[in-house]
Structure formats: C-alpha cells, structure tokens
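Q: What follows is a structure written as structure tokens; I'll ask about it next.
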Amino acid sequence: MEFTLPDTTSHEYVVRVQNHKKLFFVPCETNPNQHELWCTDERLGTTTLIHHIASCNTYPICLRVVDDTFYFVADDSIGWGLWKSDGTREGTMQLQQGEAQYVFVMGETLYFRANDTSQGSTLWKTNGTLEGTMRAFA
C-alpha cells in the first residue's frame, strides 16, 4: 500500500519514538480504510499496519510517548479504549476500555479520563501494564 507520509508538524497524528527509531502515524488520506495506526521502522526501512483493532476504522487519536512506550486511544467498535504498542502486532494491547480521552503525560506516567461503570468519568493513570492501569485516586 502506498500513501504520503503525513505532515510531521501535526503532533496529533505523528509520533516519533527516538530510541527505537520508529515513527507512528495515522495516514490522512482520502481512502477511509487507511484510518489505522501504522509504524515506520527506520532501522529496517519498513512501514507496516500495526494492528487492525476492529472490523471498522479505529481512528487512533491522542498519540503519546512515555519513555519508549507508545500510547494511543482507538475505537474498537465498543468504545474508545487506551492502547499501547511497541510497533509490532504482538506488542500492541489494550490497557483500558471505556471512553478514554484527555490523555496527557506528567513525568513518567500517562494520565487520561475514562468512564467507569462504578465511578463515572474519573482520572486514570497507567505505567504501561494492565496491573498498573487504574484510577488515579482511590
């Protein structure tokens, strides 16, 4: 598949992981099937679709990096969940399901707002593990 790399000044759609020389991006082409997350590995000179999350377009948003871990929010056709990736299909996983939004980084922690059936909309945080993804305040 061929497409034009997006404008790298748009931080919402392009993120570079310096230490691993990877460029994560969402192509902004007219083809609606291309609204998925892609990764260019500069060491290998390859560009691949990271993970097809749902049967429809996932429209990844809120692209962020903490240390060498890449995070994004995507629609899995159930809701907008928080995901992480190392740039491979095997290294891509969902950390939280439930309308994640307002993603920001403070220090080495990623924070976001998400809906929880017991607490409603609350502040969450993650260290990149399932066990470390939780409400920021108990």
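How things are named: the first chain in the structure tokens is A, the next is B, and so on; residues count from 1 in each chain; ligands count from 1 in the order shown.
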So that I can see what lies close to range 42-56 of chain A, please list as a PyMOL selection string the residues with an atom at most 10 Å from it, counting only C-alpha atoms and leaving out residues fewer than 2 positions away in the same chain.
A: chain A and resi 1-2+20-26+32-40+58-60+74-78+83+85-94
Q: Might you pull out every residue within 8 Å of Phe70 in chain A, with only C-alpha atoms counted and same-chain residues fewer than 5 positions away left off, and present them as a ChimeraX atom specification?
A: /A:17,63-65,84-86
Q: Limited to C-alpha atoms, could you put the picked residues into a file as a PDB file, in the first residue's frame?
A:
```pdb
ATOM      1  CA  VAL A  17       9.974   7.120  19.347  1.00  0.00           C
ATOM      2  CA  LEU A  63      -0.871   9.692  20.267  1.00  0.00           C
ATOM      3  CA  ARG A  64       1.622   9.953  23.140  1.00  0.00           C
ATOM      4  CA  VAL A  65       5.011   8.520  24.181  1.00  0.00           C
ATOM      5  CA  LYS A  84      -0.079   0.702  23.916  1.00  0.00           C
ATOM      6  CA  SER A  85       2.300  -0.536  21.243  1.00  0.00           C
ATOM      7  CA  ASP A  86       5.947  -1.265  20.605  1.00  0.00           C
TER       8      ASP A  86
END
```
Q: Given only C-alpha atoms as the basis, pick out the residue of A:Gly98, A:Ala136, A:Cys62, A:Gly79 nearest to Thr117 in chain A.
A: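 Ranking A:Gly98, A:Ala136, A:Cys62, A:Gly79 by distance to Thr117 in chain A, first place goes to A:Gly98.
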Q: Do you have the CA of Glu131 in chain A-CA of Val105 in chain A distance handy?
A: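 Rounded to one decimal, the two atoms are 18.5 Å apart.
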Q: Can you tell me, as a ChimeraX atom specification, what residues are no more than 12 Å from Gln119 in chain A when counting only C-alpha atoms, ignoring any on the same chain fewer than 3 positions away?
A: /A:98,113-116,122-124,135,137-138
Q: For Asp68 in chain A, which residue among A:Gln97, A:Thr133, A:Asn127, A:Ser121 is the nearest when counting only C-alpha atoms?
A: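 Nearest candidate to Asp68 in chain A out of A:Gln97, A:Thr133, A:Asn127, A:Ser121: A:Asn127.
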Q: Can you measure CA of Thr69 in chain A to CA of Leu82 in chain A for me? One decimal in Å is fine.
A: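 If I compute the distance from CA of Thr69 in chain A to CA of Leu82 in chain A, I get 12.7 Å.
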Q: For CA of Trp80 in chain A and CA of Gly120 in chain A, quote the distance in Å rounded to one decimal.
A: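 Those two atoms sit 15.0 Å apart.
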